[in-house]
Amino acid sequence: MKETRYYEVAGHRFCVSGEGEGFANYEPFACADGETVFVLAVESGDAPEYVEEMRQEDEGQEIICGHTTTDESVFEFGWWGVTAGWLVCSDDYSEGRLITTGKHEKMAIDNALMIMFALATADKGTVLFHAAVVSHEGRGYMFLGPSGTGKSTHASLWQRYIAGTALVNDDNPVVRIDEDSTATVYGSPWSGKTPCYRNVCYPLGGIVVLSQASYNKIQRLSGIYAYAALMESISGKRWDECIADGLHQTENALASSIPVWHLECLPDEEAAKLCNETITR
């Protein structure tokens with residue numbers, strides 16, 4: 001049965017129409033209809049013809065980016081060599097259609113919505129991070145780093161050893177810069193391996209870049225070092241000038257206004273307490 005669903009994440013409403021299963025993680029973000037930043041139609045059909053621009057792979061998941069002869073953006077989603085679908089977007093990313101293959105449909109839907117959200121809001125002071133986020137005493141704290149660095153582990157250590165800590169999102173939180181230059185971190189429908197789909201938000205209190213070490217040490221980053229640390233963890237189509245400009249403005253605002261730290265650490269209680277005592281001071 002075809003349905004039309006509306007959701008709102010970080011104050012941005014979007015619409016999904018057509019057939020598809022696996023929308024339980026979006027239910028906390030359901031809202032009434034209204035003006036949207038993008039609409040996505042889910043349908044079955046044939047593969048589009050396109051020219052490849054680049055591809056990325058991560059733990060069996062592959063995304064190929066390209067464009068059609070009419071300059072529509074195309075993203076092909078694969079899982080261990082099996083194609084799950086193709087996302088075809090308008091040049092301003094306000095409209096898209098996801099052509100599914102009937103295989104790994106949930107993965108294709110989630111990827112399509114994450115990509116459209118990131119691209120359609122890039123010029124609206126909004127960025128989708130690859131990070132884990134916890135809340136503590138009314139503020140949100142983000143942990144960044146490449147896959148396997150220990151973001152989820154460090155977030156769980158805060159929950160275990162720092163009273164009053166709760167998980168906000170384990171993989172893909174959203175940060176938005178408001179008109180008064182306030183940075184707010186939001187939960188999202190996308191949370192990686194740990195299900196955590198909370199429609200909550202907190203003032204962003206600090207950002208921590210993690211790296212594994214045989215000791216625990218934390219230091220403040222500033223200037224270009226803070227900017228570079230943020231850039232590596234933000235999703236976006238940076239070869240698109242409009243997208244790149246929007247991301248740059250938000251990254252620059254964050255690096256200038258939010259404390260950014262580098263934590264070299266062990267996966268232990270001491271690391272969590274050192275981090276907490278330093279960045280919440």
# chains A, B, ... in the order shown; residues from 1 in each chain; ligands from 1
>>> residues_around(residues="range 138-148 of chain A", least_positions_apart="4", cutoff="6 Å", atoms="only C-alpha atoms", output="JSON, numbers by chain")
{"A": [131, 132, 133, 134, 202, 203, 204, 205, 206, 207, 208, 209, 210]}
>>> select_by_dssp(residues="range 9-63 of chain A", states="helix (DSSP H, G or I)", output="ChimeraX atom specification")
/A:24-29
>>> write_last_selection(atoms="all heavy atoms", output="CSV table (one decimal), in the first residue's frame")
chain,number,residue,atom,x,y,z
A,24,ALA,N,10.0,2.3,11.3
A,24,ALA,CA,9.8,2.4,12.7
A,24,ALA,C,10.8,3.4,13.4
A,24,ALA,O,10.4,4.1,14.3
A,24,ALA,CB,10.0,1.0,13.4
A,25,ASN,N,12.0,3.5,12.9
A,25,ASN,CA,13.0,4.4,13.5
A,25,ASN,C,12.6,5.9,13.2
A,25,ASN,O,13.2,6.8,13.8
A,25,ASN,CB,14.4,4.1,13.0
A,25,ASN,CG,14.5,4.0,11.5
A,25,ASN,OD1,13.8,3.2,10.9
A,25,ASN,ND2,15.5,4.7,10.9
A,26,TYR,N,11.7,6.1,12.2
A,26,TYR,CA,11.3,7.5,11.9
A,26,TYR,C,10.1,7.9,12.7
A,26,TYR,O,9.8,9.1,12.7
A,26,TYR,CB,11.0,7.6,10.4
A,26,TYR,CG,12.2,7.3,9.5
A,26,TYR,CD1,12.6,6.1,9.1
A,26,TYR,CD2,13.0,8.4,9.1
A,26,TYR,CE1,13.7,5.8,8.3
A,26,TYR,CE2,14.2,8.2,8.4
A,26,TYR,CZ,14.5,6.9,8.0
A,26,TYR,OH,15.6,6.7,7.2
A,27,GLU,N,9.4,7.0,13.3
A,27,GLU,CA,8.1,7.3,14.0
A,27,GLU,C,8.3,8.4,15.1
A,27,GLU,O,7.4,9.3,15.2
A,27,GLU,CB,7.5,6.1,14.6
A,27,GLU,CG,6.8,5.2,13.5
A,27,GLU,CD,5.9,6.0,12.6
A,27,GLU,OE1,5.0,6.6,13.1
A,27,GLU,OE2,6.1,5.9,11.3
A,28,PRO,N,9.3,8.4,15.9
A,28,PRO,CA,9.5,9.5,16.8
A,28,PRO,C,9.6,10.9,16.2
A,28,PRO,O,9.4,11.9,16.9
A,28,PRO,CB,10.8,9.2,17.6
A,28,PRO,CG,10.9,7.7,17.4
A,28,PRO,CD,10.4,7.4,16.0
A,29,PHE,N,9.8,10.9,14.9
A,29,PHE,CA,10.0,12.2,14.2
A,29,PHE,C,8.8,12.5,13.3
A,29,PHE,O,8.9,13.5,12.5
A,29,PHE,CB,11.3,12.2,13.4
A,29,PHE,CG,12.5,11.9,14.2
A,29,PHE,CD1,12.9,10.6,14.5
A,29,PHE,CD2,13.3,12.9,14.7
A,29,PHE,CE1,14.0,10.3,15.2
A,29,PHE,CE2,14.4,12.6,15.5
A,29,PHE,CZ,14.7,11.3,15.8
>>> atom_distance(atom1="CA of Glu232 in chain A", atom2="CA of Val37 in chain A")
25.0 Å
>>> atom_distance(atom1="CA of Trp261 in chain A", atom2="CA of Ile279 in chain A")
7.9 Å
>>> residues_around(residues="range 8-18 of chain A", least_positions_apart="3", cutoff="7 Å", atoms="only C-alpha atoms", output="VMD selection string")
chain A and resid 2 to 5 29 to 31 35 to 43 174 176 186 188
>>> write_last_selection(atoms="N, CA, C and O atoms", output="mmCIF file, in the first residue's frame")
data_model
loop_
_atom_site.group_PDB
_atom_site.id
_atom_site.type_symbol
_atom_site.label_atom_id
_atom_site.label_comp_id
_atom_site.auth_asym_id
_atom_site.auth_seq_id
_atom_site.Cartn_x
_atom_site.Cartn_y
_atom_site.Cartn_z
ATOM 1 N N LYS A 2 0.586 2.178 -0.907
ATOM 2 C CA LYS A 2 1.353 3.410 -0.984
ATOM 3 C C LYS A 2 0.915 4.377 0.116
ATOM 4 O O LYS A 2 -0.267 4.549 0.371
ATOM 5 N N GLU A 3 1.908 5.018 0.747
ATOM 6 C CA GLU A 3 1.640 5.963 1.810
ATOM 7 C C GLU A 3 2.474 7.218 1.608
ATOM 8 O O GLU A 3 3.490 7.199 0.900
ATOM 9 N N THR A 4 2.013 8.297 2.237
ATOM 10 C CA THR A 4 2.797 9.524 2.271
ATOM 11 C C THR A 4 3.058 9.850 3.733
ATOM 12 O O THR A 4 2.122 9.937 4.531
ATOM 13 N N ARG A 5 4.321 9.991 4.082
ATOM 14 C CA ARG A 5 4.718 10.203 5.473
ATOM 15 C C ARG A 5 5.501 11.500 5.582
ATOM 16 O O ARG A 5 6.313 11.819 4.701
ATOM 17 N N PHE A 29 9.834 10.947 14.889
ATOM 18 C CA PHE A 29 10.015 12.213 14.187
ATOM 19 C C PHE A 29 8.824 12.532 13.274
ATOM 20 O O PHE A 29 8.882 13.483 12.495
ATOM 21 N N ALA A 30 7.750 11.736 13.383
ATOM 22 C CA ALA A 30 6.559 11.959 12.549
ATOM 23 C C ALA A 30 5.940 13.309 12.873
ATOM 24 O O ALA A 30 5.931 13.761 14.020
ATOM 25 N N CYS A 31 5.404 13.962 11.848
ATOM 26 C CA CYS A 31 4.784 15.282 12.038
ATOM 27 C C CYS A 31 3.671 15.462 11.017
ATOM 28 O O CYS A 31 3.448 14.617 10.146
ATOM 29 N N GLU A 35 5.271 22.574 4.617
ATOM 30 C CA GLU A 35 6.387 22.899 3.736
ATOM 31 C C GLU A 35 7.577 22.001 4.048
ATOM 32 O O GLU A 35 7.909 21.774 5.209
ATOM 33 N N THR A 36 8.220 21.488 3.008
ATOM 34 C CA THR A 36 9.308 20.533 3.191
ATOM 35 C C THR A 36 10.608 21.032 2.555
ATOM 36 O O THR A 36 10.585 21.841 1.619
ATOM 37 N N VAL A 37 11.749 20.517 3.077
ATOM 38 C CA VAL A 37 13.033 20.817 2.449
ATOM 39 C C VAL A 37 13.297 19.848 1.297
ATOM 40 O O VAL A 37 14.060 20.156 0.386
ATOM 41 N N PHE A 38 12.677 18.669 1.348
ATOM 42 C CA PHE A 38 12.780 17.744 0.224
ATOM 43 C C PHE A 38 11.667 16.710 0.294
ATOM 44 O O PHE A 38 11.061 16.486 1.347
ATOM 45 N N VAL A 39 11.395 16.084 -0.857
ATOM 46 C CA VAL A 39 10.443 14.978 -0.927
ATOM 47 C C VAL A 39 11.142 13.810 -1.613
ATOM 48 O O VAL A 39 11.921 14.004 -2.552
ATOM 49 N N LEU A 40 10.863 12.592 -1.149
ATOM 50 C CA LEU A 40 11.454 11.392 -1.726
ATOM 51 C C LEU A 40 10.354 10.413 -2.072
ATOM 52 O O LEU A 40 9.512 10.091 -1.235
ATOM 53 N N ALA A 41 10.354 9.923 -3.302
ATOM 54 C CA ALA A 41 9.413 8.900 -3.743
ATOM 55 C C ALA A 41 10.156 7.571 -3.841
ATOM 56 O O ALA A 41 11.214 7.495 -4.467
ATOM 57 N N VAL A 42 9.614 6.539 -3.188
ATOM 58 C CA VAL A 42 10.196 5.196 -3.234
ATOM 59 C C VAL A 42 9.430 4.379 -4.256
ATOM 60 O O VAL A 42 8.200 4.282 -4.189
ATOM 61 N N GLU A 43 10.131 3.809 -5.219
ATOM 62 C CA GLU A 43 9.467 3.080 -6.296
ATOM 63 C C GLU A 43 10.383 1.976 -6.803
ATOM 64 O O GLU A 43 11.570 1.926 -6.490
ATOM 65 N N VAL A 174 22.572 15.361 14.244
ATOM 66 C CA VAL A 174 22.499 16.560 13.418
ATOM 67 C C VAL A 174 22.836 17.769 14.286
ATOM 68 O O VAL A 174 22.388 17.865 15.426
ATOM 69 N N ARG A 176 22.735 22.028 14.218
ATOM 70 C CA ARG A 176 22.196 23.179 13.494
ATOM 71 C C ARG A 176 22.610 24.476 14.184
ATOM 72 O O ARG A 176 22.534 24.584 15.406
ATOM 73 N N TYR A 186 20.986 17.522 17.711
ATOM 74 C CA TYR A 186 19.694 16.841 17.665
ATOM 75 C C TYR A 186 19.886 15.336 17.483
ATOM 76 O O TYR A 186 20.800 14.889 16.784
ATOM 77 N N SER A 188 18.489 11.822 15.740
ATOM 78 C CA SER A 188 18.020 11.606 14.366
ATOM 79 C C SER A 188 17.491 10.186 14.216
ATOM 80 O O SER A 188 17.679 9.350 15.102
#
>>> residues_around(residues="Lys103 in chain A", least_positions_apart="5", cutoff="8 Å", atoms="only C-alpha atoms", output="list of chain:residue names")
A:Val82, A:Thr83, A:Ala84
>>> write_last_selection(atoms="all heavy atoms", output="tab-separated table (two decimals), in the first residue's frame")
chain	number	residue	atom	x	y	z
A	82	VAL	N	25.96	-6.51	-3.68
A	82	VAL	CA	24.56	-6.61	-4.12
A	82	VAL	C	23.95	-5.21	-4.17
A	82	VAL	O	23.94	-4.49	-3.16
A	82	VAL	CB	23.74	-7.50	-3.17
A	82	VAL	CG1	22.28	-7.55	-3.62
A	82	VAL	CG2	24.32	-8.90	-3.12
A	83	THR	N	23.44	-4.80	-5.32
A	83	THR	CA	22.84	-3.47	-5.45
A	83	THR	C	21.48	-3.43	-4.77
A	83	THR	O	20.62	-4.26	-5.01
A	83	THR	CB	22.68	-3.09	-6.93
A	83	THR	OG1	23.97	-3.07	-7.55
A	83	THR	CG2	22.03	-1.71	-7.06
A	84	ALA	N	21.29	-2.41	-3.90
A	84	ALA	CA	20.03	-2.25	-3.17
A	84	ALA	C	19.12	-1.21	-3.81
A	84	ALA	O	17.90	-1.27	-3.64
A	84	ALA	CB	20.31	-1.86	-1.72
>>> residues_around(residues="Asn111 in chain A", least_positions_apart="4", cutoff="12 Å", atoms="only C-alpha atoms", output="PyMOL selection string")
chain A and resi 40+61-64+75-79+84-87+98+100+104-107+115-118+172+189-192+235
>>> write_last_selection(atoms="C-alpha atoms", output="PDB file, in the first residue's frame")
ATOM      1  CA  LEU A  40      11.454  11.392  -1.726  1.00  0.00           C
ATOM      2  CA  GLN A  61      28.638  -0.973   2.222  1.00  0.00           C
ATOM      3  CA  GLU A  62      29.337   0.850  -1.040  1.00  0.00           C
ATOM      4  CA  ILE A  63      27.983   4.155  -2.357  1.00  0.00           C
ATOM      5  CA  ILE A  64      28.716   5.206  -5.938  1.00  0.00           C
ATOM      6  CA  PHE A  75      23.757   7.557  -5.815  1.00  0.00           C
ATOM      7  CA  GLU A  76      23.935   3.776  -6.131  1.00  0.00           C
ATOM      8  CA  PHE A  77      23.770   1.769  -2.885  1.00  0.00           C
ATOM      9  CA  GLY A  78      25.366  -1.651  -2.552  1.00  0.00           C
ATOM     10  CA  TRP A  79      25.876  -4.178   0.223  1.00  0.00           C
ATOM     11  CA  ALA A  84      20.031  -2.249  -3.173  1.00  0.00           C
ATOM     12  CA  GLY A  85      18.864   0.762  -5.160  1.00  0.00           C
ATOM     13  CA  TRP A  86      19.557   4.068  -6.902  1.00  0.00           C
ATOM     14  CA  LEU A  87      18.738   7.550  -5.615  1.00  0.00           C
ATOM     15  CA  LEU A  98      14.640   5.959  -4.845  1.00  0.00           C
ATOM     16  CA  THR A 100      14.701  -0.157  -5.215  1.00  0.00           C
ATOM     17  CA  HIS A 104      18.384  -4.614   1.339  1.00  0.00           C
ATOM     18  CA  GLU A 105      15.549  -2.113   0.926  1.00  0.00           C
ATOM     19  CA  LYS A 106      15.819  -0.777   4.483  1.00  0.00           C
ATOM     20  CA  MET A 107      19.467   0.112   3.945  1.00  0.00           C
ATOM     21  CA  ILE A 115      21.924  11.824   1.789  1.00  0.00           C
ATOM     22  CA  MET A 116      18.948  13.966   0.804  1.00  0.00           C
ATOM     23  CA  PHE A 117      18.726  15.446   4.298  1.00  0.00           C
ATOM     24  CA  ALA A 118      22.446  16.303   4.377  1.00  0.00           C
ATOM     25  CA  ASN A 172      24.460  10.219  12.937  1.00  0.00           C
ATOM     26  CA  PRO A 189      16.354   8.523  12.832  1.00  0.00           C
ATOM     27  CA  TRP A 190      19.824   7.239  11.856  1.00  0.00           C
ATOM     28  CA  SER A 191      21.887   5.680  14.619  1.00  0.00           C
ATOM     29  CA  GLY A 192      24.147   2.933  13.281  1.00  0.00           C
ATOM     30  CA  SER A 235      28.811  14.258   5.503  1.00  0.00           C
TER      31      SER A 235
END
>>> select_by_dssp(residues="range 127-242 of chain A", states="strand (DSSP E)", output="ChimeraX atom specification")
/A:127-128,131-136,139-144,165-169,174-177,183-186,201-212,217-221
>>> closest_atom_pairs(of="range 238-261 of chain A", to="range 216-221 of chain A", cutoff="12 Å", atoms="only C-alpha atoms", output="Markdown table")
| residue | atom | partner | partner_atom | distance |
| --- | --- | --- | --- | --- |
| A:Ala255 | CA | A:Leu221 | CA | 9.1 |
| A:Ser256 | CA | A:Leu221 | CA | 10.8 |
| A:Ile258 | CA | A:Leu221 | CA | 10.5 |
| A:Pro259 | CA | A:Arg220 | CA | 7.4 |
| A:Val260 | CA | A:Leu221 | CA | 5.5 |
| A:Trp261 | CA | A:Arg220 | CA | 4.4 |
>>> residues_around(residues="Asp180 in chain A", least_positions_apart="3", cutoff="12 Å", atoms="only C-alpha atoms", output="PyMOL selection string")
chain A and resi 125+176-177+183-184+253+257
>>> write_last_selection(atoms="N, CA and C atoms", output="compact mmCIF listing (two decimals), in the first residue's frame")
# COMPACT_ATOMS: atom_id res chain seq x y z
N GLY A 125 22.58 26.05 7.54
CA GLY A 125 23.25 25.99 8.83
C GLY A 125 23.14 24.65 9.52
N ARG A 176 22.73 22.03 14.22
CA ARG A 176 22.20 23.18 13.49
C ARG A 176 22.61 24.48 14.18
N ILE A 177 23.06 25.43 13.38
CA ILE A 177 23.40 26.77 13.87
C ILE A 177 22.17 27.64 13.69
N ALA A 183 24.53 26.86 18.68
CA ALA A 183 24.68 25.52 18.09
C ALA A 183 23.89 24.52 18.92
N THR A 184 23.02 23.77 18.26
CA THR A 184 22.19 22.77 18.93
C THR A 184 22.42 21.42 18.27
N ALA A 253 31.69 28.31 11.78
CA ALA A 253 30.95 28.82 12.94
C ALA A 253 31.13 27.91 14.14
N SER A 257 33.04 28.82 17.77
CA SER A 257 32.19 29.07 18.94
C SER A 257 32.08 27.90 19.92
>>> closest_residue(among="A:Ala155, A:Ala226, A:Cys196, A:Leu167", to="Asn276 in chain A", atoms="only C-alpha atoms")
A:Ala155
>>> closest_residue(among="A:Glu53, A:Asp245, A:Glu270, A:Asp178", to="Leu119 in chain A", atoms="only C-alpha atoms")
A:Asp245
>>> atom_distance(atom1="CA of Ile234 in chain A", atom2="CA of Val175 in chain A")
10.0 Å
>>> closest_residue(among="A:Gly102, A:Gly60, A:Gly246, A:Gly223", to="Gly45 in chain A", atoms="only C-alpha atoms")
A:Gly102
>>> residues_around(residues="His248 in chain A", least_positions_apart="5", cutoff="10 Å", atoms="only C-alpha atoms", output="PyMOL selection string")
chain A and resi 122-123+125+227+231+238+242-243+253-254
>>> decode(residues="range 59-75 of chain A", atoms="N, CA, C and O atoms", output="compact mmCIF listing (two decimals), in the first residue's frame")
# COMPACT_ATOMS: atom_id res chain seq x y z
N GLU A 59 33.00 -1.16 5.45
CA GLU A 59 32.50 -2.38 6.08
C GLU A 59 31.43 -3.08 5.23
O GLU A 59 30.37 -3.44 5.71
N GLY A 60 31.71 -3.25 3.96
CA GLY A 60 30.81 -3.96 3.06
C GLY A 60 29.78 -3.10 2.37
O GLY A 60 29.16 -3.52 1.39
N GLN A 61 29.61 -1.88 2.85
CA GLN A 61 28.64 -0.97 2.22
C GLN A 61 29.34 -0.08 1.21
O GLN A 61 30.40 0.48 1.50
N GLU A 62 28.74 0.05 0.02
CA GLU A 62 29.34 0.85 -1.04
C GLU A 62 28.33 1.86 -1.56
O GLU A 62 27.15 1.55 -1.75
N ILE A 63 28.80 3.11 -1.75
CA ILE A 63 27.98 4.16 -2.36
C ILE A 63 28.75 4.72 -3.55
O ILE A 63 29.89 5.17 -3.40
N ILE A 64 28.12 4.66 -4.72
CA ILE A 64 28.72 5.21 -5.94
C ILE A 64 27.97 6.48 -6.30
O ILE A 64 26.74 6.49 -6.38
N CYS A 65 28.71 7.57 -6.50
CA CYS A 65 28.11 8.86 -6.84
C CYS A 65 28.32 9.15 -8.32
O CYS A 65 29.40 8.84 -8.87
N GLY A 66 27.33 9.75 -8.96
CA GLY A 66 27.46 10.09 -10.37
C GLY A 66 26.39 11.07 -10.81
O GLY A 66 25.71 11.68 -9.97
N HIS A 67 26.24 11.21 -12.13
CA HIS A 67 25.22 12.12 -12.66
C HIS A 67 24.71 11.58 -13.98
O HIS A 67 25.41 10.86 -14.71
N THR A 68 23.47 11.94 -14.30
CA THR A 68 22.85 11.53 -15.56
C THR A 68 23.19 12.54 -16.65
O THR A 68 23.82 13.57 -16.39
N THR A 69 22.76 12.26 -17.86
CA THR A 69 23.01 13.19 -18.97
C THR A 69 22.24 14.49 -18.80
O THR A 69 22.56 15.50 -19.43
N THR A 70 21.21 14.50 -17.96
CA THR A 70 20.44 15.72 -17.69
C THR A 70 20.86 16.37 -16.37
O THR A 70 20.13 17.18 -15.81
N ASP A 71 22.05 15.99 -15.88
CA ASP A 71 22.65 16.58 -14.68
C ASP A 71 21.90 16.31 -13.39
O ASP A 71 22.01 17.07 -12.42
N GLU A 72 21.13 15.23 -13.35
CA GLU A 72 20.58 14.79 -12.07
C GLU A 72 21.67 14.03 -11.33
O GLU A 72 22.48 13.33 -11.92
N SER A 73 21.69 14.18 -9.99
CA SER A 73 22.65 13.44 -9.19
C SER A 73 22.15 12.02 -8.97
O SER A 73 20.95 11.81 -8.75
N VAL A 74 23.07 11.05 -9.01
CA VAL A 74 22.72 9.65 -8.81
C VAL A 74 23.62 9.06 -7.72
O VAL A 74 24.83 9.33 -7.70
N PHE A 75 23.02 8.27 -6.84
CA PHE A 75 23.76 7.56 -5.82
C PHE A 75 23.31 6.10 -5.87
O PHE A 75 22.12 5.81 -5.70
